[in-house]
file query-v2.cif (mmCIF, C-alpha atoms and all ligand atoms)
data_model
#
loop_
_atom_site.label_atom_id
_atom_site.label_comp_id
_atom_site.auth_asym_id
_atom_site.auth_seq_id
_atom_site.Cartn_x
_atom_site.Cartn_y
_atom_site.Cartn_z
CA MET B 1 8.36 -20.05 7.33
CA GLY B 2 10.07 -23.14 8.69
CA LEU B 3 8.98 -22.40 12.22
CA GLN B 4 5.36 -21.91 11.21
CA GLU B 5 5.35 -25.20 9.42
CA TYR B 6 6.80 -26.79 12.53
CA GLU B 7 4.16 -25.24 14.78
CA ARG B 8 1.35 -26.37 12.55
CA LYS B 9 2.59 -29.93 12.56
CA ARG B 10 3.22 -29.88 16.27
CA ARG B 11 -0.31 -28.79 17.01
CA PHE B 12 -1.69 -31.64 14.95
CA ALA B 13 0.40 -34.08 16.95
CA VAL B 14 -1.04 -33.08 20.34
CA THR B 15 -4.69 -32.50 19.37
CA PRO B 16 -7.09 -35.35 18.66
CA GLU B 17 -8.78 -33.93 15.57
CA PRO B 18 -7.29 -34.77 12.19
CA PRO B 19 -5.65 -31.95 10.26
CA PRO B 20 -8.02 -30.17 7.86
CA LYS B 21 -8.17 -31.67 4.40
CA VAL B 22 -8.47 -28.31 2.67
CA LYS B 23 -5.44 -26.09 2.51
CA ARG B 24 -5.43 -23.34 5.09
CA SER B 25 -5.44 -20.78 2.29
CA ALA B 26 -8.73 -22.11 0.97
CA SER B 27 -10.52 -22.00 4.31
CA LYS B 28 -9.31 -18.69 5.71
CA GLN B 29 -9.79 -15.11 4.57
CA LEU B 30 -6.57 -13.53 3.41
CA HIS B 31 -6.02 -9.83 4.00
CA PHE B 32 -4.33 -7.18 1.96
CA VAL B 33 -3.26 -3.65 2.77
CA VAL B 34 -1.91 -0.75 0.73
CA GLN B 35 0.11 1.68 2.82
CA LYS B 36 0.96 5.08 1.41
CA HIS B 37 4.48 5.78 2.63
CA ARG B 38 6.32 9.07 2.37
CA ALA B 39 9.87 7.88 3.11
CA SER B 40 12.81 9.29 1.12
CA HIS B 41 10.45 8.89 -1.86
CA LEU B 42 6.69 8.54 -1.96
CA HIS B 43 5.49 5.03 -2.72
CA TYR B 44 2.58 2.70 -1.98
CA ASP B 45 3.44 -0.53 -0.16
CA PHE B 46 1.23 -3.25 -1.58
CA ARG B 47 1.03 -6.15 0.89
CA LEU B 48 -0.68 -9.52 0.61
CA GLU B 49 -1.07 -11.82 3.59
CA TRP B 50 0.44 -15.22 2.95
CA ASP B 51 1.74 -17.96 5.23
CA GLY B 52 1.93 -15.78 8.33
CA VAL B 53 3.64 -12.77 6.74
CA LEU B 54 2.83 -9.87 4.45
CA LEU B 55 4.34 -10.39 0.99
CA SER B 56 5.33 -6.85 0.01
CA TRP B 57 5.92 -4.76 -3.08
CA ALA B 58 6.75 -1.03 -3.21
CA VAL B 59 4.75 0.65 -5.98
CA PRO B 60 6.23 4.14 -6.65
CA LYS B 61 3.20 5.51 -8.50
CA GLY B 62 0.58 3.52 -6.63
CA PRO B 63 -2.08 1.26 -8.16
CA SER B 64 -4.00 2.29 -11.27
CA LEU B 65 -7.54 1.20 -12.09
CA ASP B 66 -6.76 1.55 -15.80
CA PRO B 67 -6.01 -1.86 -17.39
CA LYS B 68 -3.77 -0.13 -19.95
CA VAL B 69 -1.45 1.13 -17.18
CA LYS B 70 1.27 -1.16 -15.84
CA ARG B 71 2.66 0.02 -12.52
CA LEU B 72 6.19 -0.91 -11.47
CA ALA B 73 6.15 -2.90 -8.21
CA MET B 74 9.50 -3.60 -6.56
CA ALA B 75 9.53 -6.75 -4.41
CA VAL B 76 10.68 -5.88 -0.91
CA GLU B 77 11.09 -7.96 2.23
CA ASP B 78 8.15 -9.66 3.92
CA HIS B 79 6.63 -7.67 6.76
CA PRO B 80 5.06 -8.97 9.99
CA LEU B 81 1.26 -9.30 9.87
CA ALA B 82 0.93 -6.80 12.73
CA TYR B 83 2.32 -4.10 10.46
CA ALA B 84 -0.86 -4.15 8.32
CA SER B 85 -2.80 -2.01 10.78
CA PHE B 86 -0.02 0.52 11.32
CA GLU B 87 -0.66 4.15 10.46
CA GLY B 88 1.62 6.81 11.88
CA ILE B 89 5.26 7.75 11.96
CA ILE B 90 8.47 5.81 11.50
CA PRO B 91 11.13 7.97 13.17
CA ALA B 92 13.74 9.66 10.99
CA GLY B 93 16.88 7.53 10.86
CA GLU B 94 14.95 4.26 11.14
CA TYR B 95 14.49 2.10 8.04
CA GLY B 96 11.63 3.66 6.04
CA GLY B 97 11.53 6.77 8.23
CA GLY B 98 8.51 8.97 7.40
CA THR B 99 4.71 9.00 7.42
CA VAL B 100 2.61 5.88 6.80
CA MET B 101 -1.12 5.83 5.91
CA VAL B 102 -3.45 2.85 5.60
CA TRP B 103 -4.57 3.90 2.13
CA ASP B 104 -6.68 0.79 1.48
CA ARG B 105 -7.31 -2.56 3.04
CA GLY B 106 -9.58 -5.56 2.83
CA THR B 107 -9.44 -9.18 1.81
CA TYR B 108 -8.16 -10.87 -1.33
CA VAL B 109 -8.79 -14.15 -3.09
CA PRO B 110 -5.92 -15.64 -5.10
CA ALA B 111 -6.87 -17.25 -8.44
CA ASP B 112 -4.66 -20.23 -7.54
CA PRO B 113 -4.90 -21.07 -3.82
CA ASP B 114 -1.14 -21.80 -3.74
CA VAL B 115 0.12 -18.20 -3.58
CA GLY B 116 3.68 -19.36 -2.89
CA LYS B 117 3.72 -21.31 -6.15
CA SER B 118 2.33 -18.35 -8.12
CA VAL B 119 5.01 -16.07 -6.66
CA ARG B 120 7.76 -18.54 -7.61
CA LYS B 121 6.24 -18.75 -11.09
CA GLY B 122 6.26 -14.96 -11.32
CA GLU B 123 2.55 -14.53 -12.02
CA LEU B 124 0.09 -13.92 -9.24
CA LYS B 125 -3.57 -13.32 -10.08
CA PHE B 126 -6.02 -12.27 -7.41
CA ALA B 127 -9.30 -10.46 -6.69
CA LEU B 128 -9.25 -7.57 -4.23
CA HIS B 129 -12.11 -6.74 -1.89
CA GLY B 130 -10.97 -3.40 -0.50
CA LYS B 131 -12.65 -0.05 -0.01
CA LYS B 132 -10.87 1.56 -2.98
CA LEU B 133 -9.40 -1.38 -4.88
CA LYS B 134 -11.72 -4.09 -6.12
CA GLY B 135 -11.95 -6.67 -8.84
CA SER B 136 -9.33 -8.70 -10.63
CA TRP B 137 -5.59 -7.84 -10.65
CA VAL B 138 -2.28 -9.44 -11.54
CA LEU B 139 1.31 -9.07 -10.38
CA VAL B 140 3.73 -10.22 -13.09
CA HIS B 141 7.46 -10.68 -12.60
CA THR B 142 9.59 -8.99 -15.23
CA GLY B 143 13.24 -9.06 -16.23
CA PRO B 144 15.88 -11.70 -15.42
CA PRO B 145 15.18 -14.26 -12.65
CA THR B 146 17.14 -12.20 -10.11
CA SER B 147 15.13 -9.05 -10.85
CA ARG B 148 12.99 -7.61 -8.08
CA GLN B 149 10.77 -5.89 -10.63
CA TRP B 150 7.14 -6.81 -11.02
CA LEU B 151 4.24 -5.06 -12.74
CA LEU B 152 0.91 -4.45 -11.01
CA ILE B 153 -1.92 -4.46 -13.55
CA LYS B 154 -5.69 -4.14 -13.26
CA HIS B 155 -7.68 -6.63 -15.30
CA ARG B 156 -10.59 -5.41 -17.38
CA ASP B 157 -13.78 -5.75 -15.33
CA GLU B 158 -16.50 -3.63 -13.73
CA ALA B 159 -14.05 -2.31 -11.11
CA ALA B 160 -11.68 -0.95 -13.79
CA GLY B 161 -11.72 2.77 -14.56
CA GLU B 162 -9.79 5.63 -16.03
CA GLY B 163 -9.53 8.18 -13.21
CA ASP B 164 -6.48 8.39 -10.98
CA VAL B 165 -7.59 6.64 -7.79
CA THR B 166 -4.58 7.87 -5.80
CA GLU B 167 -5.45 11.51 -6.60
CA GLU B 168 -9.21 11.11 -6.27
CA GLN B 169 -9.15 9.15 -3.02
CA PRO B 170 -6.14 10.43 -1.09
CA ARG B 171 -7.39 9.84 2.46
CA SER B 172 -6.81 7.01 4.92
CA VAL B 173 -9.48 4.30 4.95
CA VAL B 174 -9.11 3.90 8.73
CA SER B 175 -8.92 7.54 9.93
CA LYS B 176 -9.95 9.61 6.88
CA ARG B 177 -6.79 11.67 7.38
CA LEU B 178 -4.46 13.07 4.75
CA MET B 179 -0.71 12.36 5.01
CA SER B 180 -0.11 15.85 6.45
CA GLU B 181 -2.79 15.29 9.11
CA ILE B 182 -1.24 11.98 10.16
CA ALA B 183 2.18 13.64 10.44
CA PHE B 184 0.65 16.53 12.41
CA ASP B 185 -1.17 14.22 14.85
CA GLU B 186 1.71 11.83 15.39
CA GLY B 187 4.58 14.28 15.58
CA GLY B 188 6.09 13.70 12.14
CA ASP B 189 7.45 15.99 9.42
CA VAL B 190 4.23 17.73 8.30
CA GLU B 191 5.77 19.61 5.38
CA ARG B 192 7.33 16.48 3.90
CA ALA B 193 4.13 14.48 4.42
CA ALA B 194 2.10 17.28 2.80
CA SER B 195 4.16 16.90 -0.36
CA ALA B 196 2.44 13.52 -0.79
CA ASP B 197 -1.09 14.97 -0.53
CA PRO B 198 -2.94 16.34 -3.59
CA SER B 199 -2.51 20.13 -3.64
CA ASP B 200 -6.27 20.82 -3.83
CA ALA B 201 -6.81 18.84 -0.61
CA ILE B 202 -4.03 20.82 1.13
CA GLU B 203 -5.45 24.11 -0.13
CA ALA B 204 -8.91 23.23 1.20
CA LEU B 205 -7.34 22.36 4.54
CA LEU B 206 -5.44 25.67 4.71
CA ARG B 207 -8.52 27.70 3.78
CA ASN B 208 -10.47 26.19 6.64
CA PRO B 209 -8.27 24.36 9.16
CA ARG B 210 -11.31 23.61 11.35
CA THR B 211 -12.54 21.10 8.79
CA ARG B 212 -9.68 18.83 9.63
CA ARG B 213 -10.75 15.76 11.52
CA ARG B 214 -8.82 15.57 14.74
CA LYS B 215 -8.08 12.21 16.14
CA PRO B 216 -6.49 12.89 19.49
CA ARG B 217 -4.42 10.09 20.93
CA GLU B 218 -2.86 9.51 24.30
CA LYS B 219 0.31 8.30 22.63
CA PRO B 220 1.51 9.06 19.09
CA ALA B 221 1.54 6.11 16.70
CA VAL B 222 5.22 5.40 16.09
CA TRP B 223 6.62 2.20 14.58
CA ARG B 224 10.04 1.03 15.69
CA SER B 225 11.14 -2.04 13.80
CA ASN B 226 12.68 -4.91 15.68
CA ARG B 227 15.38 -5.63 13.18
CA GLY B 228 16.27 -9.05 14.58
CA GLU B 229 12.64 -10.11 14.40
CA ASP B 230 12.30 -8.83 10.85
CA LYS B 231 15.40 -10.67 9.67
CA LYS B 232 13.95 -14.00 10.71
CA LYS B 233 10.91 -13.29 8.59
CA VAL B 234 12.77 -12.41 5.43
CA SER B 235 12.19 -15.20 2.98
CA THR B 236 14.76 -16.47 0.57
CA ARG B 237 12.42 -17.30 -2.24
CA ARG B 238 12.59 -15.32 -5.43
CA ARG B 239 10.36 -12.30 -5.59
MN MN U 301 7.60 1.52 2.29
#
call {"tool": "encode", "arguments": {"input": "query-v2.cif", "output": "structure tokens"}}
result
Amino acid sequence: MGLQEYERKRRFAVTPEPPPKVKRSASKQLHFVVQKHRASHLHYDFRLEWDGVLLSWAVPKGPSLDPKVKRLAMAVEDHPLAYASFEGIIPAGEYGGGTVMVWDRGTYVPADPDVGKSVRKGELKFALHGKKLKGSWVLVHTGPPTSRQWLLIKHRDEAAGEGDVTEEQPRSVVSKRLMSEIAFDEGGDVERAASADPSDAIEALLRNPRTRRRKPREKPAVWRSNRGEDKKKVSTRRR
């Protein structure tokens, strides 16, 4: 964070135009991504772009469109922005080893343009403009100040619903693949990945394997974290 602030200021010092009067957050589209991740346990990584990183929460059960359902969201370390487009395999033994799917993505608009302040306050309201997730949502911090626990809740609006969106829309928004298909294509653990797919989707695939959408690649998509790089990006603020 400190470095980014420095770079912004430095650029203003060497360019003739005055710095913008509006906050960067108000003038620029912010992106979000939800990555379905079959690591040691299945979870959905909910990530919001802010200040050059992806603020991240691990949601074990995934988002729910039902306003009556509060989904536990554990705050985890910020991730680099480049990670948002990653779909593929994290090798076994690496942090988060397993299969990763881009389950949903799009842009979001925070209710208060100062997302950092909302996070410190422990209440972050925003509207999602994704392919699967839309409308108004809130992340609320819960427990003592040191707790990493938040709740992800859908607000009541036209995008709310009662069905289980994770079961009804299990495929990647970028490749249309199931978890098992991603693992198969990229050289991951297909059986373990398949345990994260709805059983009816797997059964349909087994009945007629030719229906599977192949996405041949020259090189498998494998993410190897640069731990040193990641450490620098870990923020110290409370989340
Ligand atoms: Mn994860």
call {"tool": "residues_near_ligand", "arguments": {"input": "query-v2.cif", "ligand": "ligand MN 301 (chain U)", "cutoff": "6 Å", "atoms": "all atoms listed in the file", "output": "list of chain:residue names"}}
result
B:His37, B:Asp45, B:Gly96
call {"tool": "residues_around", "arguments": {"input": "query-v2.cif", "residues": "Asp112 (chain B)", "least_positions_apart": "5", "cutoff": "9 Å", "atoms": "all atoms listed in the file", "output": "short mmCIF file (atom, residue, chain, number, x, y, z; two decimals) with C-alpha atoms, keeping the file's coordinate frame"}}
result
data_model
loop_
_atom_site.label_atom_id
_atom_site.label_comp_id
_atom_site.auth_asym_id
_atom_site.auth_seq_id
_atom_site.Cartn_x
_atom_site.Cartn_y
_atom_site.Cartn_z
CA LYS B 117 3.72 -21.31 -6.15
CA SER B 118 2.33 -18.35 -8.12
CA LEU B 124 0.09 -13.92 -9.24
CA LYS B 125 -3.57 -13.32 -10.08
CA PHE B 126 -6.02 -12.27 -7.41
#
call {"tool": "closest_residue", "arguments": {"input": "query-v2.cif", "among": "B:Ala221, B:Leu42, B:Val69, B:Leu139", "to": "Phe184 (chain B)", "atoms": "all atoms listed in the file"}}
result
B:Ala221
call {"tool": "closest_residue", "arguments": {"input": "query-v2.cif", "among": "B:Leu72, B:Arg177, B:Ile90, B:Pro67", "to": "Arg224 (chain B)", "atoms": "only C-alpha atoms"}}
result
B:Ile90
call {"tool": "atom_distance", "arguments": {"input": "query-v2.cif", "atom1": "CA of Lys68 (chain B)", "atom2": "CA of His155 (chain B)"}}
result
8.9 Å
call {"tool": "closest_residue", "arguments": {"input": "query-v2.cif", "among": "B:Leu151, B:Ile89, B:Val33, B:Val115", "to": "Lys70 (chain B)", "atoms": "only C-alpha atoms"}}
result
B:Leu151
call {"tool": "closest_residue", "arguments": {"input": "query-v2.cif", "among": "B:Val119, B:Val76, B:Leu206, B:Ile153", "to": "Trp50 (chain B)", "atoms": "all atoms listed in the file"}}
result
B:Val119
call {"tool": "closest_residue", "arguments": {"input": "query-v2.cif", "among": "B:Glu87, B:Asp104, B:Glu158, B:Asp78", "to": "Gly135 (chain B)", "atoms": "all atoms listed in the file"}}
result
B:Glu158
call {"tool": "atom_distance", "arguments": {"input": "query-v2.cif", "atom1": "CA of Val53 (chain B)", "atom2": "CA of Tyr83 (chain B)"}}
result
9.5 Å
call {"tool": "residues_around", "arguments": {"input": "query-v2.cif", "residues": "Glu49 (chain B)", "least_positions_apart": "3", "cutoff": "12 Å", "atoms": "only C-alpha atoms", "output": "MDAnalysis selection string"}}
result
chainID B and resid 25 28:34 46 52:57 78:84 105:110 115:116
call {"tool": "write_last_selection", "arguments": {"input": "query-v2.cif", "atoms": "C-alpha atoms", "output": "PDB file, in the frame of the given file"}}
result
ATOM      1  CA  SER B  25      -5.440 -20.780   2.290  1.00  0.00           C
ATOM      2  CA  LYS B  28      -9.310 -18.690   5.710  1.00  0.00           C
ATOM      3  CA  GLN B  29      -9.790 -15.110   4.570  1.00  0.00           C
ATOM      4  CA  LEU B  30      -6.570 -13.530   3.410  1.00  0.00           C
ATOM      5  CA  HIS B  31      -6.020  -9.830   4.000  1.00  0.00           C
ATOM      6  CA  PHE B  32      -4.330  -7.180   1.960  1.00  0.00           C
ATOM      7  CA  VAL B  33      -3.260  -3.650   2.770  1.00  0.00           C
ATOM      8  CA  VAL B  34      -1.910  -0.750   0.730  1.00  0.00           C
ATOM      9  CA  PHE B  46       1.230  -3.250  -1.580  1.00  0.00           C
ATOM     10  CA  GLY B  52       1.930 -15.780   8.330  1.00  0.00           C
ATOM     11  CA  VAL B  53       3.640 -12.770   6.740  1.00  0.00           C
ATOM     12  CA  LEU B  54       2.830  -9.870   4.450  1.00  0.00           C
ATOM     13  CA  LEU B  55       4.340 -10.390   0.990  1.00  0.00           C
ATOM     14  CA  SER B  56       5.330  -6.850   0.010  1.00  0.00           C
ATOM     15  CA  TRP B  57       5.920  -4.760  -3.080  1.00  0.00           C
ATOM     16  CA  ASP B  78       8.150  -9.660   3.920  1.00  0.00           C
ATOM     17  CA  HIS B  79       6.630  -7.670   6.760  1.00  0.00           C
ATOM     18  CA  PRO B  80       5.060  -8.970   9.990  1.00  0.00           C
ATOM     19  CA  LEU B  81       1.260  -9.300   9.870  1.00  0.00           C
ATOM     20  CA  ALA B  82       0.930  -6.800  12.730  1.00  0.00           C
ATOM     21  CA  TYR B  83       2.320  -4.100  10.460  1.00  0.00           C
ATOM     22  CA  ALA B  84      -0.860  -4.150   8.320  1.00  0.00           C
ATOM     23  CA  ARG B 105      -7.310  -2.560   3.040  1.00  0.00           C
ATOM     24  CA  GLY B 106      -9.580  -5.560   2.830  1.00  0.00           C
ATOM     25  CA  THR B 107      -9.440  -9.180   1.810  1.00  0.00           C
ATOM     26  CA  TYR B 108      -8.160 -10.870  -1.330  1.00  0.00           C
ATOM     27  CA  VAL B 109      -8.790 -14.150  -3.090  1.00  0.00           C
ATOM     28  CA  PRO B 110      -5.920 -15.640  -5.100  1.00  0.00           C
ATOM     29  CA  VAL B 115       0.120 -18.200  -3.580  1.00  0.00           C
ATOM     30  CA  GLY B 116       3.680 -19.360  -2.890  1.00  0.00           C
TER      31      GLY B 116
END
call {"tool": "closest_residue", "arguments": {"input": "query-v2.cif", "among": "B:Ser180, B:Thr146, B:Ser175, B:Ser136", "to": "Ala159 (chain B)", "atoms": "all atoms listed in the file"}}
result
B:Ser136
call {"tool": "atom_distance", "arguments": {"input": "query-v2.cif", "atom1": "CA of Pro144 (chain B)", "atom2": "CA of Leu65 (chain B)"}}
result
26.9 Å
